[in-house]
Number of protein chains: 4
Amino acid sequence: MSELKGFLAPKTPSGSSAIVPEMPWYYSGTLLTVEYRTDVERVRAILPADLELADEDPGAVAFIWADWQSCSTGGAELLDPIRSQYLEAFVVVRCKYEGVTYSRCVAIWVTKDFAIARGWFQGYPKKLGSAHVTRIFNHGKATPKLEAGAKLGATLSAYDHRLASAVVTLRSPVDQNGFVNGHKMLHSRWMPSITPGAGNSLDQLIAMGGVDADLGQAWGGDAELVLEDSQWDELASLLPVRQIIGGYYREVGVTFNGGVLVADHSNPAV
Amino acid sequence: MSELKGFLAPKTPSGSSAIVPEMPWYYSGTLLTVEYRTDVERVRAILPADLELADEDPGAVAFIWADWQSCSTGGAELLDPIRSQYLEAFVVVRCKYEGVTYSRCVAIWVTKDFAIARGWFQGYPKKLGSAHVTRIFNHGKATPKLEAGAKLGATLSAYDHRLASAVVTLRSPVDQNGFVNGHKMLHSRWMPSITPGAGNSLDQLIAMGGVDADLGQAWGGDAELVLEDSQWDELASLLPVRQIIGGYYREVGVTFNGGVLVADHSNPAV
Amino acid sequence: MSELKGFLAPKTPSGSSAIVPEMPWYYSGTLLTVEYRTDVERVRAILPADLELADEDPGAVAFIWADWQSCSTGGAELLDPIRSQYLEAFVVVRCKYEGVTYSRCVAIWVTKDFAIARGWFQGYPKKLGSAHVTRIFNHGKATPKLEAGAKLGATLSAYDHRLASAVVTLRSPVDQNGFVNGHKMLHSRWMPSITPGAGNSLDQLIAMGGVDADLGQAWGGDAELVLEDSQWDELASLLPVRQIIGGYYREVGVTFNGGVLVADHSNPAV
Amino acid sequence: MSELKGFLAPKTPSGSSAIVPEMPWYYSGTLLTVEYRTDVERVRAILPADLELADEDPGAVAFIWADWQSCSTGGAELLDPIRSQYLEAFVVVRCKYEGVTYSRCVAIWVTKDFAIARGWFQGYPKKLGSAHVTRIFNHGKATPKLEAGAKLGATLSAYDHRLASAVVTLRSPVDQNGFVNGHKMLHSRWMPSITPGAGNSLDQLIAMGGVDADLGQAWGGDAELVLEDSQWDELASLLPVRQIIGGYYREVGVTFNGGVLVADHSNPAV
């Protein structure tokens, strides 16, 4: 009897049905980032009790749109691009745990199921959303160019509620496309017991980061950001936008190949 | 400091962002089922090694389309119906474990993210797909009626590949809408370690079933079923269709309120 | 040489590619209606100059959600239901032309391309949108029942902006599901010259109505309606909601088989 | 009383609801093209009777995927990119009319409603479809680079049937990205009378082409193309693929600002 194969569900005899294949996972794309400051207590309130605020600029938040093409080893997804391309919009804050400063994604919406599955494995709290971001083409008049004054728009909606709208106006090349998303990620992943009220069968704190970063020139500039609440997405927990720090654009390539367990509170007996 | 709330991700101060709220979960909808027999070794090959074939008719398979409206306690989802309605198509076989016969879902596609999340919690191996099934209306000429001779179609695609097409012709009221999906479900749920090659942090066998079933009259009849393979969905593992057992239609209501842990092989230290 | 076939584009040798086949077209579904009064000058402003306001209650507006299954002669669409099912949300006012009172659709969003095509032929100003409406099932707890106190929700979004949200609470059976959409439709259809500024090659006023109506019992009750503007959808032109007239639900079947030319201002020479 | 505004439907007091604003329309994007030869009688059969085959290589067909960002004057669409971006897949052949050789689009699927509307105005026989094409990014491992050996995939589906899949392998820079789509377009546009069987109220032959072409370097190479028929899309009318001519990739910018009426057979009295 042969074993079933599949990194994540479903497992089948060949393993080809798995919603996500084995790591490493490769990414090429663009990032559009708006960083802002909210009240420090807002960041504190969105962190689990056992994490601390970052020491410096603890109220800083990054709202990021990524326009990705991704694949696994061999790149088969690239030739059936519906399986390769997706957009995501996500919110990152910083935190501290056992003296180390981390980035932490507290909300994220993606456009494909394989991206949801990767995210749940990584502790990204992914849901489906509709994300769009202006692209930079090299020809024609229906595009900004990568130059001072370029304006890029980005939007997010979920369950037919528009949650976020941004416009970034590029001003000049800069060293970094923001600082909030610049640390290793510290994420929680958990699975409640199938029995109501019995606690979490899985409950872990994990840390991870990309490798093999292949980065384009970062550009920075001004930004506008409008966030709206909905019944199903508590964006108010990330408000108010007290001060815009800046807007950024960068082409990026990165590889993900796992992380490390930081703390475990699982109770597999339930 | 208040605790974060959320049954599944993301956790927020209010808990309203969670992709799925607390159980119980309520369902109203219709089921269109095609049951068929494939080669017994095909069913054996799609089961994990520690499960056995069912004693009777072990090659029987059910391909089921469900057209659901669902909600949690209080029913808020019903008034924002994009958050409530979804379709799913799923494949069920039977198996035996420690002497008990169970049903087991080996493939399933749904149209909404909250349905994916509920499924992963329940061990349903859910992915996104595009599912459609003919509806029965009471008026007009663009509908079958619930009567002998009624024809209902159903289709499934994923990643823009059409995977399944069915036509069921109703003949008469029957006692049951099939037998393959008639037992408690025995499902696996697992989460690989964030560290490549380190095994599964979570690895459980769980059992569950609906409660408070509120069933309409079952109808049975003839069926046609065409299954097609794709690079991303190994439908060939469920072929060939040796013999159609029957086609069925039924209106159903059911409540899900959890299940029980059957076996645990987790290794939370990884 | 055989002639190309196709009621609307594209024409092919067999005609099977046409986005819409020949009439008649059959519809089965449900209508959820909210009627309200806005300022009379608002209705006047959304009518072409050559139409007059209705004599009675000229500020009345109907916002209607329809959940349709449709097909052409032979019903082939019913067995591939993705080709048959769609939702639409539309806004109807009344007007008068040459002494006759008509209904007129001034905005409409649908979920499928074949519905857009039928609409453009009929003078419905159709765009794509995302529409949802609560369904009434006969079983289970995730559904209102067709009875006093039942609450049905409905929503509309386009380009990821939520444009309309409604809740209707049914109170009792009534004679009609509203009066605004109760006349023959008077619609405009036009096509600008391919040469900029040269006027309209096609410019017609047409009248039409459904035939073979097969209606369920109408229910009436209270309603809430929230309309929101977007950059791409001038909902403000239908505001304010001065007074809710009522909310209605009805199962309906109807056939469309064409209409009549009322007035022509085409200039086919351009 | 102010006049209603709107290039295409719906007309409103401000004109902002129109599914398409006034020309000119600007486009920036990429084209992936596969050219092949089918039997000459197949091309003949997909042309209207009053058009002739092209003199040279009359059996040549181009299957093209375009990945577009588009806007109108002022570029407002670019900052709400859901209103700006779309993909399309289309089939072009050549024909001759009154001694002039034209290109002609005989089938086309797009991903947005505004693109459908522009197309119907232009005589492109547009329907909705799901189109995807591999993108070329500058960084990371999940992308081909614009160099010899690069492989780009493209797919098309409609009504959940996969209709076309292509892979192009780039070999070298070339002068042109194919020749089939290189002439002015000769298109038909028509609107049947609202009265069944009464003929066409509008029936025109129009010619048009882009202006202000801003082209990147064309690349050419090998190609594979698989076309599949469906009940709703008669792809068989474009088969067999007798010989692949080549595959091409090019970044393009172009402006559309109308065309000219070539022949008119309208009957506005119906």
# chains A, B, ... in the order shown; residues from 1 in each chain; ligands from 1
>>> select_by_dssp(residues="range 82-127 of chain D", states="strand (DSSP E or B)", output="PDB file with N, CA, C and O atoms, in the first residue's frame")
ATOM      1  N   GLN D  85      -7.491  47.911 -15.189  1.00  0.00           N
ATOM      2  CA  GLN D  85      -6.740  46.729 -15.631  1.00  0.00           C
ATOM      3  C   GLN D  85      -7.673  45.631 -16.116  1.00  0.00           C
ATOM      4  O   GLN D  85      -8.731  45.397 -15.525  1.00  0.00           O
ATOM      5  N   TYR D  86      -7.256  44.931 -17.159  1.00  0.00           N
ATOM      6  CA  TYR D  86      -8.003  43.758 -17.603  1.00  0.00           C
ATOM      7  C   TYR D  86      -7.114  42.938 -18.513  1.00  0.00           C
ATOM      8  O   TYR D  86      -6.089  43.413 -19.003  1.00  0.00           O
ATOM      9  N   LEU D  87      -7.512  41.702 -18.717  1.00  0.00           N
ATOM     10  CA  LEU D  87      -6.841  40.849 -19.697  1.00  0.00           C
ATOM     11  C   LEU D  87      -7.837  40.506 -20.776  1.00  0.00           C
ATOM     12  O   LEU D  87      -9.053  40.505 -20.560  1.00  0.00           O
ATOM     13  N   GLU D  88      -7.297  40.175 -21.946  1.00  0.00           N
ATOM     14  CA  GLU D  88      -8.164  39.693 -23.009  1.00  0.00           C
ATOM     15  C   GLU D  88      -7.417  38.669 -23.846  1.00  0.00           C
ATOM     16  O   GLU D  88      -6.189  38.660 -23.919  1.00  0.00           O
ATOM     17  N   ALA D  89      -8.164  37.764 -24.449  1.00  0.00           N
ATOM     18  CA  ALA D  89      -7.625  36.785 -25.395  1.00  0.00           C
ATOM     19  C   ALA D  89      -8.479  36.905 -26.639  1.00  0.00           C
ATOM     20  O   ALA D  89      -9.708  36.953 -26.538  1.00  0.00           O
ATOM     21  N   PHE D  90      -7.823  36.986 -27.813  1.00  0.00           N
ATOM     22  CA  PHE D  90      -8.625  37.200 -29.016  1.00  0.00           C
ATOM     23  C   PHE D  90      -8.000  36.543 -30.225  1.00  0.00           C
ATOM     24  O   PHE D  90      -6.808  36.251 -30.259  1.00  0.00           O
ATOM     25  N   VAL D  91      -8.847  36.304 -31.201  1.00  0.00           N
ATOM     26  CA  VAL D  91      -8.462  35.590 -32.414  1.00  0.00           C
ATOM     27  C   VAL D  91      -8.631  36.532 -33.600  1.00  0.00           C
ATOM     28  O   VAL D  91      -9.701  37.125 -33.781  1.00  0.00           O
ATOM     29  N   VAL D  92      -7.568  36.636 -34.394  1.00  0.00           N
ATOM     30  CA  VAL D  92      -7.583  37.552 -35.534  1.00  0.00           C
ATOM     31  C   VAL D  92      -7.270  36.780 -36.808  1.00  0.00           C
ATOM     32  O   VAL D  92      -6.380  35.922 -36.819  1.00  0.00           O
ATOM     33  N   VAL D  93      -8.013  37.087 -37.861  1.00  0.00           N
ATOM     34  CA  VAL D  93      -7.679  36.598 -39.201  1.00  0.00           C
ATOM     35  C   VAL D  93      -7.571  37.829 -40.117  1.00  0.00           C
ATOM     36  O   VAL D  93      -7.806  38.950 -39.684  1.00  0.00           O
ATOM     37  N   ARG D  94      -7.202  37.579 -41.370  1.00  0.00           N
ATOM     38  CA  ARG D  94      -7.188  38.694 -42.313  1.00  0.00           C
ATOM     39  C   ARG D  94      -8.286  38.506 -43.353  1.00  0.00           C
ATOM     40  O   ARG D  94      -8.796  37.398 -43.564  1.00  0.00           O
ATOM     41  N   CYS D  95      -8.661  39.595 -43.986  1.00  0.00           N
ATOM     42  CA  CYS D  95      -9.688  39.538 -45.012  1.00  0.00           C
ATOM     43  C   CYS D  95      -9.438  40.680 -45.999  1.00  0.00           C
ATOM     44  O   CYS D  95      -8.533  41.497 -45.812  1.00  0.00           O
ATOM     45  N   LYS D  96     -10.226  40.717 -47.058  1.00  0.00           N
ATOM     46  CA  LYS D  96     -10.076  41.764 -48.076  1.00  0.00           C
ATOM     47  C   LYS D  96     -11.464  42.319 -48.373  1.00  0.00           C
ATOM     48  O   LYS D  96     -12.444  41.572 -48.453  1.00  0.00           O
ATOM     49  N   TYR D  97     -11.536  43.636 -48.499  1.00  0.00           N
ATOM     50  CA  TYR D  97     -12.813  44.273 -48.816  1.00  0.00           C
ATOM     51  C   TYR D  97     -12.524  45.445 -49.746  1.00  0.00           C
ATOM     52  O   TYR D  97     -11.703  46.306 -49.425  1.00  0.00           O
ATOM     53  N   VAL D 100      -8.844  46.169 -50.329  1.00  0.00           N
ATOM     54  CA  VAL D 100      -7.950  46.496 -49.218  1.00  0.00           C
ATOM     55  C   VAL D 100      -7.884  45.313 -48.249  1.00  0.00           C
ATOM     56  O   VAL D 100      -8.907  44.708 -47.924  1.00  0.00           O
ATOM     57  N   THR D 101      -6.673  44.977 -47.805  1.00  0.00           N
ATOM     58  CA  THR D 101      -6.500  43.910 -46.826  1.00  0.00           C
ATOM     59  C   THR D 101      -6.647  44.470 -45.415  1.00  0.00           C
ATOM     60  O   THR D 101      -6.048  45.495 -45.081  1.00  0.00           O
ATOM     61  N   TYR D 102      -7.457  43.785 -44.621  1.00  0.00           N
ATOM     62  CA  TYR D 102      -7.698  44.185 -43.230  1.00  0.00           C
ATOM     63  C   TYR D 102      -7.400  43.003 -42.300  1.00  0.00           C
ATOM     64  O   TYR D 102      -7.418  41.855 -42.713  1.00  0.00           O
ATOM     65  N   SER D 103      -7.191  43.314 -41.037  1.00  0.00           N
ATOM     66  CA  SER D 103      -7.286  42.315 -39.974  1.00  0.00           C
ATOM     67  C   SER D 103      -8.722  42.337 -39.462  1.00  0.00           C
ATOM     68  O   SER D 103      -9.438  43.329 -39.611  1.00  0.00           O
ATOM     69  N   ARG D 104      -9.131  41.223 -38.853  1.00  0.00           N
ATOM     70  CA  ARG D 104     -10.505  41.137 -38.342  1.00  0.00           C
ATOM     71  C   ARG D 104     -10.528  40.204 -37.141  1.00  0.00           C
ATOM     72  O   ARG D 104     -10.067  39.058 -37.221  1.00  0.00           O
ATOM     73  N   CYS D 105     -11.063  40.702 -36.044  1.00  0.00           N
ATOM     74  CA  CYS D 105     -11.184  39.882 -34.834  1.00  0.00           C
ATOM     75  C   CYS D 105     -12.466  39.060 -34.938  1.00  0.00           C
ATOM     76  O   CYS D 105     -13.553  39.622 -35.091  1.00  0.00           O
ATOM     77  N   VAL D 106     -12.338  37.737 -34.819  1.00  0.00           N
ATOM     78  CA  VAL D 106     -13.509  36.861 -34.964  1.00  0.00           C
ATOM     79  C   VAL D 106     -13.961  36.239 -33.649  1.00  0.00           C
ATOM     80  O   VAL D 106     -15.020  35.598 -33.585  1.00  0.00           O
ATOM     81  N   ALA D 107     -13.173  36.412 -32.602  1.00  0.00           N
ATOM     82  CA  ALA D 107     -13.573  35.912 -31.277  1.00  0.00           C
ATOM     83  C   ALA D 107     -12.715  36.637 -30.260  1.00  0.00           C
ATOM     84  O   ALA D 107     -11.528  36.860 -30.487  1.00  0.00           O
ATOM     85  N   ILE D 108     -13.310  36.983 -29.113  1.00  0.00           N
ATOM     86  CA  ILE D 108     -12.547  37.710 -28.093  1.00  0.00           C
ATOM     87  C   ILE D 108     -13.260  37.589 -26.756  1.00  0.00           C
ATOM     88  O   ILE D 108     -14.479  37.689 -26.664  1.00  0.00           O
ATOM     89  N   TRP D 109     -12.449  37.370 -25.728  1.00  0.00           N
ATOM     90  CA  TRP D 109     -12.936  37.272 -24.344  1.00  0.00           C
ATOM     91  C   TRP D 109     -12.134  38.254 -23.495  1.00  0.00           C
ATOM     92  O   TRP D 109     -10.917  38.321 -23.619  1.00  0.00           O
ATOM     93  N   VAL D 110     -12.833  38.981 -22.637  1.00  0.00           N
ATOM     94  CA  VAL D 110     -12.182  39.966 -21.768  1.00  0.00           C
ATOM     95  C   VAL D 110     -12.625  39.752 -20.331  1.00  0.00           C
ATOM     96  O   VAL D 110     -13.585  39.029 -20.066  1.00  0.00           O
ATOM     97  N   LYS D 126     -17.093  40.796 -28.201  1.00  0.00           N
ATOM     98  CA  LYS D 126     -16.567  40.469 -26.874  1.00  0.00           C
ATOM     99  C   LYS D 126     -17.563  39.729 -25.993  1.00  0.00           C
ATOM    100  O   LYS D 126     -18.744  40.030 -25.960  1.00  0.00           O
ATOM    101  N   LYS D 127     -16.998  38.787 -25.259  1.00  0.00           N
ATOM    102  CA  LYS D 127     -17.674  38.080 -24.183  1.00  0.00           C
ATOM    103  C   LYS D 127     -16.756  38.107 -22.962  1.00  0.00           C
ATOM    104  O   LYS D 127     -15.574  38.427 -23.079  1.00  0.00           O
TER     105      LYS D 127
END
>>> residues_around(residues="Glu3 in chain B", least_positions_apart="3", cutoff="7 Å", atoms="only C-alpha atoms", output="PyMOL selection string")
(chain A and resi 48-49) or (chain B and resi 13)
>>> interface_residues(of="chain B", to="chain C", cutoff="8 Å", atoms="only C-alpha atoms", output="ChimeraX atom specification")
/B:26-29,69-71,75,78-82,132-135,137-143,151-155,167,213-216,251-255
>>> closest_residue(among="C:Pro173, C:Gly258, C:Pro21, C:Pro58", to="Met185 in chain C", atoms="only C-alpha atoms")
C:Gly258
>>> atom_distance(atom1="CA of Trp190 in chain B", atom2="CA of Ile116 in chain A")
15.7 Å
>>> atom_distance(atom1="CA of Asp50 in chain C", atom2="CA of Gly209 in chain C")
20.8 Å
>>> atom_distance(atom1="CA of Leu202 in chain A", atom2="CA of Leu186 in chain B")
19.2 Å
>>> residues_around(residues="range 112-115 of chain B", least_positions_apart="2", cutoff="6 Å", atoms="only C-alpha atoms", output="JSON, numbers by chain")
{"A": [128], "B": [19, 20, 110, 117, 118]}
>>> residues_around(residues="Gly123 in chain A", least_positions_apart="4", cutoff="6 Å", atoms="only C-alpha atoms", output="PyMOL selection string")
chain A and resi 119+187-189
>>> residues_around(residues="Thr169 in chain A", least_positions_apart="3", cutoff="12 Å", atoms="only C-alpha atoms", output="list in words")
Leu32, Thr33, Val34, Thr134, Pro144, Lys145, Leu146, Glu147, Ala148, Gly149, Ala150, Lys151, Leu152, Gly153, Ala154, Ala166, Ser172, Trp219, Gly220, Gly221, Asp222, Ala223, Glu224, Leu225, Gly246, Gly247, Tyr248 and Tyr249 of chain A; Leu79 of chain D
